[in-house]
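Novice: For reference, this is protein_21.cif, and it has mmCIF, C-alpha atoms.
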```cif
data_upload
#
loop_
_atom_site.label_atom_id
_atom_site.label_comp_id
_atom_site.auth_asym_id
_atom_site.auth_seq_id
_atom_site.Cartn_x
_atom_site.Cartn_y
_atom_site.Cartn_z
CA MET A 119 22.04 -15.69 5.19
CA LEU A 120 20.61 -18.88 3.69
CA VAL A 121 18.35 -19.46 6.70
CA SER A 122 17.07 -15.87 6.66
CA LEU A 123 16.48 -15.96 2.91
CA THR A 124 14.51 -19.19 3.39
CA GLN A 125 12.47 -17.54 6.15
CA LEU A 126 11.59 -14.65 3.80
CA LEU A 127 10.63 -17.07 1.01
CA VAL A 128 8.50 -19.16 3.39
CA CYS A 129 6.62 -16.01 4.43
CA GLN A 130 6.11 -15.07 0.78
CA LEU A 131 4.91 -18.59 -0.07
CA LEU A 132 2.47 -18.62 2.85
CA GLY A 133 1.31 -15.17 1.75
CA GLU A 134 0.68 -16.41 -1.80
CA ILE A 135 -1.21 -19.44 -0.49
CA PHE A 136 -3.38 -17.30 1.83
CA ALA A 137 -4.06 -14.75 -0.91
CA ARG A 138 -5.12 -17.43 -3.42
CA VAL A 139 -7.07 -19.71 -1.07
CA LEU A 140 -9.03 -16.81 0.47
CA SER A 141 -9.05 -15.03 -2.95
CA LEU A 142 -7.87 -11.81 -1.32
CA ALA A 143 -7.36 -8.73 -3.50
CA ILE A 144 -4.03 -8.15 -1.70
CA PRO A 145 -0.89 -9.43 -3.51
CA GLY A 146 0.81 -12.49 -1.94
CA PRO A 147 4.11 -10.81 -0.99
CA VAL A 148 2.18 -8.12 0.92
CA VAL A 149 0.30 -10.78 2.88
CA GLY A 150 3.71 -12.39 3.56
CA MET A 151 5.04 -9.07 4.79
CA GLY A 152 2.01 -8.69 7.08
CA LEU A 153 2.59 -12.20 8.48
CA LEU A 154 6.26 -11.49 9.17
CA LEU A 155 5.40 -8.14 10.76
CA ILE A 156 2.93 -9.79 13.16
CA LEU A 157 5.49 -12.50 14.04
CA LEU A 158 8.21 -9.92 14.70
CA LEU A 159 5.96 -7.68 16.79
CA CYS A 160 4.94 -10.70 18.92
CA SER A 161 8.52 -11.88 19.45
CA GLN A 162 10.91 -10.41 22.03
CA SER A 163 13.51 -9.17 19.56
CA ILE A 164 14.28 -9.21 15.83
CA PRO A 165 16.77 -12.00 14.88
CA GLU A 166 20.10 -10.35 13.99
CA LYS A 167 20.73 -12.53 10.92
CA LEU A 168 17.30 -11.79 9.52
CA GLU A 169 17.93 -8.09 10.02
CA SER A 170 21.27 -8.12 8.19
CA THR A 171 19.83 -10.17 5.29
CA ALA A 172 16.94 -7.72 4.99
CA GLU A 173 19.37 -4.80 5.02
CA GLY A 174 21.37 -6.49 2.25
CA ILE A 175 18.34 -6.99 0.01
CA LEU A 176 16.82 -3.58 0.72
CA SER A 177 20.09 -1.71 0.09
CA HIS A 178 19.89 -2.88 -3.54
CA LEU A 179 16.15 -2.35 -3.80
CA SER A 180 16.46 0.06 -6.73
CA LEU A 181 18.30 -2.52 -8.88
CA LEU A 182 15.25 -4.77 -8.65
CA PHE A 183 13.11 -2.08 -10.35
CA VAL A 184 15.19 -2.11 -13.54
CA PRO A 185 13.67 -5.07 -15.48
CA ALA A 186 10.15 -3.73 -14.89
CA GLY A 187 11.27 -0.22 -15.80
CA VAL A 188 12.60 -1.40 -19.16
CA GLY A 189 8.96 -2.38 -19.83
CA VAL A 190 8.65 1.21 -21.01
CA VAL A 191 9.71 -0.03 -24.49
CA ALA A 192 6.66 -2.27 -24.58
CA HIS A 193 4.42 0.75 -23.89
CA LEU A 194 5.82 3.46 -26.13
CA THR A 195 2.52 3.70 -28.03
CA VAL A 196 0.44 4.27 -24.87
CA LEU A 197 3.01 6.71 -23.49
CA GLY A 198 3.15 8.54 -26.81
CA ASN A 199 -0.61 8.93 -27.03
CA GLU A 200 -1.31 9.72 -23.39
CA TRP A 201 1.88 11.31 -22.09
CA LYS A 202 0.16 14.56 -21.07
CA ALA A 203 -2.39 12.77 -18.89
CA ILE A 204 0.23 10.44 -17.39
CA ILE A 205 2.77 13.15 -16.54
CA GLY A 206 0.02 15.50 -15.28
CA SER A 207 -1.41 12.80 -13.07
CA LEU A 208 1.97 11.72 -11.69
CA VAL A 209 3.25 15.23 -10.93
CA GLY A 210 -0.07 16.57 -9.59
CA SER A 211 -0.82 13.56 -7.46
CA THR A 212 2.72 13.36 -6.05
CA VAL A 213 2.66 17.02 -4.95
CA ILE A 214 -0.77 16.66 -3.29
CA THR A 215 0.21 13.38 -1.61
CA VAL A 216 3.47 14.74 -0.15
CA LEU A 217 1.57 17.76 1.11
CA ILE A 218 -1.37 15.93 2.71
CA SER A 219 0.61 13.12 4.39
CA GLY A 220 3.32 15.46 5.68
CA TRP A 221 0.83 18.03 6.93
CA VAL A 222 -1.43 15.51 8.72
CA LEU A 223 1.47 13.79 10.49
CA GLN A 224 3.12 17.07 11.52
CA HIS A 225 -0.09 18.30 13.10
CA LEU A 226 -1.01 15.10 14.94
CA HIS A 227 2.32 13.54 15.89
CA ARG A 228 4.18 14.92 18.88
CA GLY A 229 6.80 12.19 19.30
CA GLU A 230 10.00 14.08 18.52
CA PRO A 231 11.98 17.00 19.92
CA ASP A 232 11.14 20.29 18.20
CA GLU A 233 13.57 20.88 15.34
CA SER A 234 12.75 24.48 14.57
CA MET B 82 29.83 -11.19 -39.64
CA SER B 83 31.35 -14.65 -39.94
CA PRO B 84 28.92 -17.57 -39.60
CA ASP B 85 30.49 -18.63 -36.28
CA PHE B 86 29.90 -15.24 -34.76
CA VAL B 87 26.26 -15.29 -35.89
CA ALA B 88 25.78 -18.66 -34.17
CA VAL B 89 27.30 -17.38 -30.94
CA TRP B 90 25.12 -14.25 -31.11
CA VAL B 91 21.94 -16.25 -31.73
CA TYR B 92 22.75 -18.42 -28.72
CA LEU B 93 23.65 -15.51 -26.42
CA SER B 94 20.69 -13.27 -27.28
CA ALA B 95 18.32 -16.04 -26.16
CA SER B 96 20.24 -16.97 -22.99
CA PRO B 97 19.30 -15.51 -19.57
CA LEU B 98 23.00 -14.81 -18.97
CA THR B 99 23.02 -11.89 -21.42
CA ALA B 100 19.94 -10.16 -20.01
CA LEU B 101 21.13 -10.63 -16.42
CA THR B 102 24.59 -9.29 -17.14
CA ILE B 103 23.25 -6.31 -19.11
CA THR B 104 20.89 -5.46 -16.23
CA LEU B 105 23.63 -5.49 -13.60
CA VAL B 106 26.19 -3.65 -15.74
CA ALA B 107 23.67 -0.94 -16.71
CA TYR B 108 22.61 -0.47 -13.08
CA LEU B 109 26.20 -0.26 -11.80
CA LEU B 110 26.95 2.30 -14.51
CA GLY B 111 23.84 4.27 -13.56
CA ASP B 112 24.83 4.18 -9.89
CA TRP B 113 28.38 5.27 -10.72
CA ILE B 114 27.10 8.29 -12.70
CA TYR B 115 24.67 9.15 -9.88
CA GLN B 116 27.39 8.99 -7.19
CA ARG B 117 29.87 10.95 -9.34
CA SER B 118 27.29 13.70 -10.00
CA GLY B 119 26.97 14.31 -6.25
CA LYS B 120 23.63 12.46 -6.15
CA ILE B 121 21.55 14.79 -8.34
CA PRO B 122 17.96 13.40 -8.18
CA VAL B 123 17.44 13.70 -11.96
CA LEU B 124 20.35 11.30 -12.56
CA ASN B 125 18.53 8.49 -10.78
CA PRO B 126 20.41 5.17 -11.25
CA VAL B 127 17.22 3.30 -12.20
CA LEU B 128 16.37 5.90 -14.83
CA ILE B 129 19.87 5.74 -16.34
CA ALA B 130 19.89 1.92 -16.35
CA VAL B 131 16.46 1.80 -18.02
CA ILE B 132 17.53 4.28 -20.72
CA LEU B 133 20.81 2.39 -21.39
CA ILE B 134 19.07 -0.99 -21.67
CA THR B 135 16.27 0.44 -23.83
CA ILE B 136 18.84 1.84 -26.26
CA GLY B 137 20.77 -1.45 -26.14
CA LEU B 138 17.65 -3.47 -26.98
CA ALA B 139 16.75 -1.15 -29.85
CA VAL B 140 20.26 -1.33 -31.33
CA THR B 141 20.54 -5.12 -31.07
CA ASP B 142 16.91 -5.69 -32.10
CA ILE B 143 16.10 -7.87 -29.08
CA ASP B 144 12.46 -7.51 -28.01
CA TYR B 145 11.41 -6.73 -24.44
CA TRP B 146 9.95 -10.15 -23.64
CA THR B 147 13.14 -11.95 -24.68
CA TYR B 148 15.07 -9.58 -22.42
CA PHE B 149 12.61 -10.05 -19.57
CA GLU B 150 12.90 -13.83 -19.72
CA GLY B 151 16.48 -13.45 -18.48
CA ALA B 152 15.98 -10.36 -16.31
CA GLN B 153 13.08 -12.01 -14.46
CA PHE B 154 15.59 -13.53 -12.05
CA VAL B 155 16.33 -10.01 -10.78
CA HIS B 156 12.65 -9.11 -10.97
CA PHE B 157 11.72 -12.15 -8.87
CA LEU B 158 13.70 -10.81 -5.90
CA LEU B 159 11.13 -8.01 -5.53
CA GLY B 160 8.91 -10.58 -3.75
CA PRO B 161 11.32 -11.44 -0.90
CA ALA B 162 12.32 -7.74 -0.79
CA THR B 163 8.68 -6.82 -0.13
CA VAL B 164 8.52 -9.35 2.71
CA ALA B 165 11.80 -7.94 4.05
CA LEU B 166 10.19 -4.51 4.44
CA ALA B 167 8.51 -5.94 7.55
CA ILE B 168 11.85 -5.80 9.38
CA PRO B 169 12.56 -2.02 9.38
CA VAL B 170 8.86 -1.42 10.05
CA ALA B 171 8.85 -3.81 13.07
CA LYS B 172 12.08 -2.26 14.36
CA LEU B 173 10.67 1.25 14.31
CA LEU B 174 7.28 0.26 15.75
CA LYS B 175 8.99 -1.53 18.66
CA THR B 176 11.00 1.54 19.66
CA MET B 177 8.50 4.26 18.85
CA ARG B 178 7.07 6.38 21.63
CA GLY B 179 3.64 7.96 21.52
CA GLY B 180 0.48 6.42 20.13
CA PHE B 181 0.07 4.92 16.70
CA GLY B 182 -3.13 6.92 16.11
CA PRO B 183 -1.49 9.84 14.25
CA LEU B 184 0.44 7.41 12.03
CA VAL B 185 -2.68 5.49 11.08
CA ILE B 186 -4.63 8.68 10.30
CA ALA B 187 -1.75 10.13 8.20
CA LEU B 188 -1.40 6.77 6.45
CA VAL B 189 -5.06 6.47 5.49
CA ALA B 190 -5.21 10.15 4.43
CA GLY B 191 -2.02 9.92 2.36
CA SER B 192 -2.75 6.54 0.84
CA SER B 193 -6.27 7.51 -0.30
CA THR B 194 -5.02 10.86 -1.61
CA ALA B 195 -2.27 9.18 -3.65
CA ALA B 196 -4.64 6.76 -5.38
CA LEU B 197 -7.71 9.00 -5.79
CA SER B 198 -5.85 12.11 -6.99
CA ALA B 199 -3.90 10.10 -9.58
CA VAL B 200 -7.09 8.53 -10.94
CA LEU B 201 -9.00 11.82 -10.89
CA ILE B 202 -6.35 13.90 -12.66
CA ALA B 203 -5.74 11.20 -15.29
CA ASP B 204 -9.48 10.96 -15.90
CA ILE B 205 -9.84 14.75 -16.25
CA LEU B 206 -6.94 14.74 -18.72
CA GLN B 207 -8.81 12.05 -20.71
CA ALA B 208 -6.55 9.06 -20.24
CA SER B 209 -7.98 5.70 -21.32
CA GLU B 210 -9.58 3.50 -18.67
CA GLN B 211 -6.69 1.03 -18.70
CA THR B 212 -4.17 3.84 -18.18
CA VAL B 213 -6.25 5.31 -15.34
CA LEU B 214 -6.35 1.91 -13.58
CA SER B 215 -2.63 1.44 -14.15
CA LEU B 216 -1.93 4.82 -12.50
CA ALA B 217 -3.94 4.16 -9.31
CA PRO B 218 -1.22 2.29 -7.36
CA LYS B 219 1.64 4.54 -8.55
CA SER B 220 2.86 5.56 -5.06
CA VAL B 221 3.67 2.09 -3.72
CA THR B 222 6.73 0.00 -4.34
CA THR B 223 6.75 -1.86 -7.71
CA PRO B 224 5.88 -5.47 -6.73
CA ILE B 225 2.87 -4.33 -4.70
CA ALA B 226 1.78 -1.84 -7.37
CA MET B 227 2.03 -4.47 -10.13
CA GLY B 228 0.04 -6.93 -8.04
CA ILE B 229 -2.71 -4.35 -7.47
CA ALA B 230 -2.81 -3.31 -11.15
CA GLU B 231 -3.21 -6.95 -12.16
CA ARG B 232 -6.15 -7.39 -9.77
CA ILE B 233 -8.09 -4.32 -10.94
CA GLY B 234 -7.47 -4.66 -14.68
CA GLY B 235 -4.59 -2.23 -15.27
CA LEU B 236 -1.42 -3.11 -17.17
CA PRO B 237 1.19 -4.28 -14.61
CA SER B 238 4.15 -3.36 -16.80
CA LEU B 239 2.76 0.13 -17.49
CA THR B 240 2.20 0.50 -13.73
CA ALA B 241 5.85 -0.41 -13.11
CA VAL B 242 6.96 2.39 -15.43
CA CYS B 243 4.60 4.88 -13.71
CA VAL B 244 5.85 3.80 -10.27
CA ILE B 245 9.45 4.45 -11.22
CA MET B 246 8.56 7.84 -12.74
CA THR B 247 6.64 8.72 -9.55
CA GLY B 248 9.68 7.86 -7.43
CA ILE B 249 11.92 10.09 -9.50
CA ILE B 250 9.39 12.97 -9.51
CA GLY B 251 8.88 12.67 -5.72
CA ALA B 252 12.61 12.63 -5.01
CA MET B 253 13.06 15.71 -7.20
CA ILE B 254 10.22 17.96 -6.03
CA GLY B 255 9.12 16.48 -2.67
CA PRO B 256 11.61 18.44 -0.53
CA TYR B 257 10.59 21.75 -2.20
CA VAL B 258 6.89 21.08 -1.56
CA LEU B 259 7.67 20.38 2.11
CA ASP B 260 9.77 23.57 2.41
CA VAL B 261 7.13 25.79 0.81
CA THR B 262 4.38 24.41 3.08
CA ARG B 263 6.63 24.69 6.18
CA ILE B 264 6.48 21.04 7.13
CA LYS B 265 9.61 20.95 9.27
CA SER B 266 9.28 17.83 11.44
CA TRP B 267 11.80 15.24 10.20
CA HIS B 268 9.36 12.44 11.00
CA ALA B 269 6.63 14.06 8.88
CA ARG B 270 9.03 14.92 6.04
CA GLY B 271 10.37 11.36 5.85
CA PHE B 272 6.90 9.85 6.13
CA ALA B 273 5.60 12.05 3.29
CA MET B 274 8.54 11.16 1.00
CA GLY B 275 8.22 7.42 1.63
CA LEU B 276 4.45 7.44 1.26
CA ALA B 277 4.34 9.44 -1.98
CA ALA B 278 7.53 8.18 -3.65
CA HIS B 279 8.28 4.71 -2.11
CA GLY B 280 11.88 3.38 -2.25
CA ILE B 281 13.26 6.11 -4.48
CA GLY B 282 11.83 8.85 -2.20
CA THR B 283 13.17 6.94 0.81
CA ALA B 284 16.68 6.85 -0.66
CA ARG B 285 16.49 10.64 -0.94
CA ALA B 286 15.13 11.06 2.63
CA ILE B 287 17.96 8.92 4.06
CA GLN B 288 20.52 11.30 2.52
CA ILE B 289 18.91 14.30 4.22
CA ASN B 290 18.29 13.01 7.77
CA LYS B 291 18.46 9.66 9.61
CA ASP B 292 15.10 10.07 11.39
CA ALA B 293 13.48 11.08 8.12
CA GLY B 294 14.93 7.94 6.49
CA ALA B 295 13.51 5.64 9.19
CA PHE B 296 10.08 7.20 8.86
CA ALA B 297 10.28 6.96 5.07
CA SER B 298 10.95 3.18 5.23
CA LEU B 299 8.08 2.84 7.68
CA ALA B 300 5.80 4.73 5.27
CA VAL B 301 6.81 2.53 2.29
CA GLY B 302 5.90 -0.65 4.19
CA LEU B 303 2.69 0.71 5.69
CA ASN B 304 1.55 2.33 2.44
CA GLY B 305 2.09 -0.97 0.64
CA LEU B 306 -0.26 -2.66 3.08
CA ALA B 307 -2.77 0.21 3.09
CA THR B 308 -2.90 0.71 -0.69
CA ALA B 309 -3.16 -3.02 -1.38
CA THR B 310 -6.20 -3.02 0.91
CA LEU B 311 -7.79 0.32 -0.04
CA ILE B 312 -7.56 0.31 -3.87
CA PRO B 313 -9.47 -2.98 -4.36
CA ILE B 314 -12.12 -1.70 -1.92
CA PHE B 315 -12.44 1.63 -3.80
CA PHE B 316 -12.50 -0.27 -7.08
CA TYR B 317 -15.25 -2.75 -6.17
CA LEU B 318 -17.23 0.00 -4.45
CA TRP B 319 -17.04 2.07 -7.65
CA GLN B 320 -18.09 -0.90 -9.80
CA TRP B 321 -20.98 -1.60 -7.46
CA LEU B 322 -22.10 2.07 -7.45
CA THR B 323 -21.96 2.39 -11.23
CA GLY B 324 -23.52 -1.02 -11.72
CA ALA B 325 -20.74 -2.11 -14.07
#
```
Would you encode the structure as structure tokens?
Specialist:
Amino acid sequence: MLVSLTQLLVCQLLGEIFARVLSLAIPGPVVGMGLLLILLLCSQSIPEKLESTAEGILSHLSLLFVPAGVGVVAHLTVLGNEWKAIIGSLVGSTVITVLISGWVLQHLHRGEPDES
Amino acid sequence: MSPDFVAVWVYLSASPLTALTITLVAYLLGDWIYQRSGKIPVLNPVLIAVILITIGLAVTDIDYWTYFEGAQFVHFLLGPATVALAIPVAKLLKTMRGGFGPLVIALVAGSSTAALSAVLIADILQASEQTVLSLAPKSVTTPIAMGIAERIGGLPSLTAVCVIMTGIIGAMIGPYVLDVTRIKSWHARGFAMGLAAHGIGTARAIQINKDAGAFASLAVGLNGLATATLIPIFFYLWQWLTGA
């Protein structure tokens, strides 16, 4: 657990360093995730401990959104003034995005037994 | 209130302990309500927790930044959690049959659609520039979205709120959109839910089908990478074209 958590933090730290030194527009943790992904794809198998630690963190992923979500109180004025545009954009864009990504993958990808 | 109690209150309201405890208790309560309701998407645990804490802060007159100073310890874990997304993605990529071509095409199509349609609709509905920029990364998981918003001049905390709303909207209406348009493949359904509505959409996909859940996690990770790359490119291209 402690070793795996350290491995994740090291990847994140390296990601932050890369992102700042090369002044990439990509956030540090994403660079860290990319690094770890490359390492894992190059290695024979995924370390079991790392996998269970990741499962532990990711199973409580929604808890981690709460402090940022409470930020809504800091933006009540913006939300009050622009709620129509924000809701319209979120609903419209979500429907179109679900449609396009699902449709494209269904028509190109033939990797599963037919369900219908 | 007795003077002693006031002193204790002043100490506690400034200590990280209070904010941390409130965050965990509110989330557990939200999750309990969600589970008891039979997992109705509208009763999302994050949504309930946010509402409870918001009311709590208003009643006790604690401002958001004081709260966040304590809650940032939870918030910090979003970084390692983002890195951890590499593991389910690597697992699926290692076992997947068939080429990666279709995935990459669906990813680029979906990722660009998510960002461009959000910006376009918000602009048509006359949102301010800062709001439009804050909406652009709304389909990716919070830490990535906040990072992107910061880079392009949006408000990271407003983005976080939009991201969570997007997740809830996607979990609620995504399955209906897929039914109406006859997208039946579990891989495609999961991928669409994860791409459009990140972790919250993925949680919903996992409940419906295991294959859909795996593809949803894959989409969250890949869309994080793709959006973090594409939005800054679109943004600088736009600035360059308009000469701003």
Novice: Just the number, please: distance in Å from atom CA of B:Leu236 to atom CA of A:Val149, one decimal.
Specialist: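 Between atom CA of B:Leu236 and atom CA of A:Val149 the gap works out to 21.5 Å.
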Novice: Near stretch 237-251 of chain B, counting all atoms listed in the file, which residues have an atom at most 8 Å away, once you skip same-chain residues fewer than 4 positions from it, shown as a VMD selection string?
Specialist: (chain A and resid 183 186 to 190 193 204 208 to 209 212 to 213) or (chain B and resid 122 to 123 125 127 to 128 212 215 to 216 218 to 223 226 to 228 230 to 231 255 274 277 to 282)
Novice: Find, counting all atoms listed in the file, the residue in A:Leu217, A:Leu123, A:Cys129, A:Ala192 that gets nearest to A:Met151.
Specialist: A:Cys129
Novice: Give me, as CSV, the closest atom pair and its distance (Å, one decimal) for every residue of chain A within a cut-off of 7 Å of chain B, counting only C-alpha atoms, rows sorted by chain and rising number.
Specialist:
```
residue,atom,partner,partner_atom,distance
A:Leu126,CA,B:Pro161,CA,5.7
A:Leu127,CA,B:Pro161,CA,6.0
A:Gln130,CA,B:Val164,CA,6.5
A:Ala143,CA,B:Pro313,CA,6.2
A:Ile144,CA,B:Ala309,CA,5.2
A:Pro145,CA,B:Gly228,CA,5.3
A:Pro147,CA,B:Gly160,CA,5.5
A:Val148,CA,B:Leu306,CA,6.4
A:Gly150,CA,B:Val164,CA,5.8
A:Met151,CA,B:Val164,CA,4.1
A:Leu154,CA,B:Ala167,CA,6.2
A:Leu155,CA,B:Ala167,CA,5.0
A:Leu158,CA,B:Ala171,CA,6.4
A:Leu159,CA,B:Ala171,CA,6.1
A:Glu169,CA,B:Ile168,CA,6.5
A:Ala172,CA,B:Ala165,CA,5.2
A:Ile175,CA,B:Ala162,CA,6.1
A:Leu176,CA,B:Ala162,CA,6.3
A:Ser180,CA,B:Val127,CA,6.4
A:Leu181,CA,B:Tyr108,CA,6.4
A:Leu182,CA,B:His156,CA,5.6
A:Phe183,CA,B:Thr223,CA,6.9
A:Val184,CA,B:Val127,CA,5.9
A:Pro185,CA,B:Ala152,CA,5.8
A:Ala186,CA,B:Ala241,CA,5.7
A:Gly187,CA,B:Val242,CA,5.1
A:Val188,CA,B:Val131,CA,5.1
A:Gly189,CA,B:Ser238,CA,5.8
A:Val190,CA,B:Val242,CA,5.9
A:Val191,CA,B:Thr135,CA,6.6
A:Ala192,CA,B:Tyr145,CA,6.5
A:His193,CA,B:Leu239,CA,6.6
A:Glu200,CA,B:Ala208,CA,6.1
A:Ala203,CA,B:Leu206,CA,5.0
A:Ile204,CA,B:Ala203,CA,6.4
A:Ser207,CA,B:Ala199,CA,5.1
A:Leu208,CA,B:Thr247,CA,5.9
A:Val209,CA,B:Ile250,CA,6.7
A:Ser211,CA,B:Ala199,CA,5.1
A:Thr212,CA,B:Ala277,CA,5.9
A:Val213,CA,B:Val258,CA,6.8
A:Thr215,CA,B:Ala195,CA,5.3
A:Val216,CA,B:Ala273,CA,4.9
A:Leu217,CA,B:Leu259,CA,6.7
A:Ile218,CA,B:Gly191,CA,6.1
A:Ser219,CA,B:Gly191,CA,4.6
A:Gly220,CA,B:Ala273,CA,4.7
A:Trp221,CA,B:Ile264,CA,6.4
A:Val222,CA,B:Ala187,CA,5.4
A:Leu223,CA,B:Ala187,CA,5.4
A:Gln224,CA,B:Ala269,CA,5.3
A:Leu226,CA,B:Pro183,CA,5.3
A:His227,CA,B:Pro183,CA,5.6
A:Gly229,CA,B:Gly179,CA,5.7
A:Glu233,CA,B:Ser266,CA,6.6
```
Novice: Take the PyMOL selection byres ((chain A and resi 121) around 12), run it mentally on this structure, and tell me the resulting residues as a ChimeraX atom specification.
Specialist: /A:119-120,122-128,165-172
Novice: How many Å lie between atom CA of B:Trp113 and atom CA of A:Leu197, rounded to one decimal?
Specialist: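 Between atom CA of B:Trp113 and atom CA of A:Leu197 the gap is 28.4 Å.
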Novice: In Å, how far is it from atom CA of B:Thr141 to atom CA of B:Arg117?
Specialist: 28.6 Å
Novice: Tell me which of B:Leu173, B:Asp142, B:Ile121, B:Met253 sits closest to B:Ala293, counting all atoms listed in the file.
Specialist: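 Answer, going by the shortest atom-to-atom distance: B:Leu173.
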Novice: Exactly which residues make up the result of the PyMOL selection byres ((chain B and resi 95) around 10) on this file, given as a ChimeraX atom specification?
Specialist: /B:90-94,96-100,143,147-148,150-151
Novice: Write out as a PyMOL selection string the residues lying within 8 Å of A:Gly146, counting all atoms listed in the file and excluding same-chain residues fewer than 4 positions away.
Specialist: chain A and resi 130-138+150
Novice: Enclose stretch 198-210 of chain A, meaning all of its atoms listed in the file, in a box aligned along x, y and z, pad it by 5 Å on each side, and list the centre and edge lengths in Å to one decimal, as JSON.
Specialist:
```
{"center_x": 0.4, "center_y": 12.6, "center_z": -18.3, "size_x": 15.6, "size_y": 18.0, "size_z": 27.4}
```
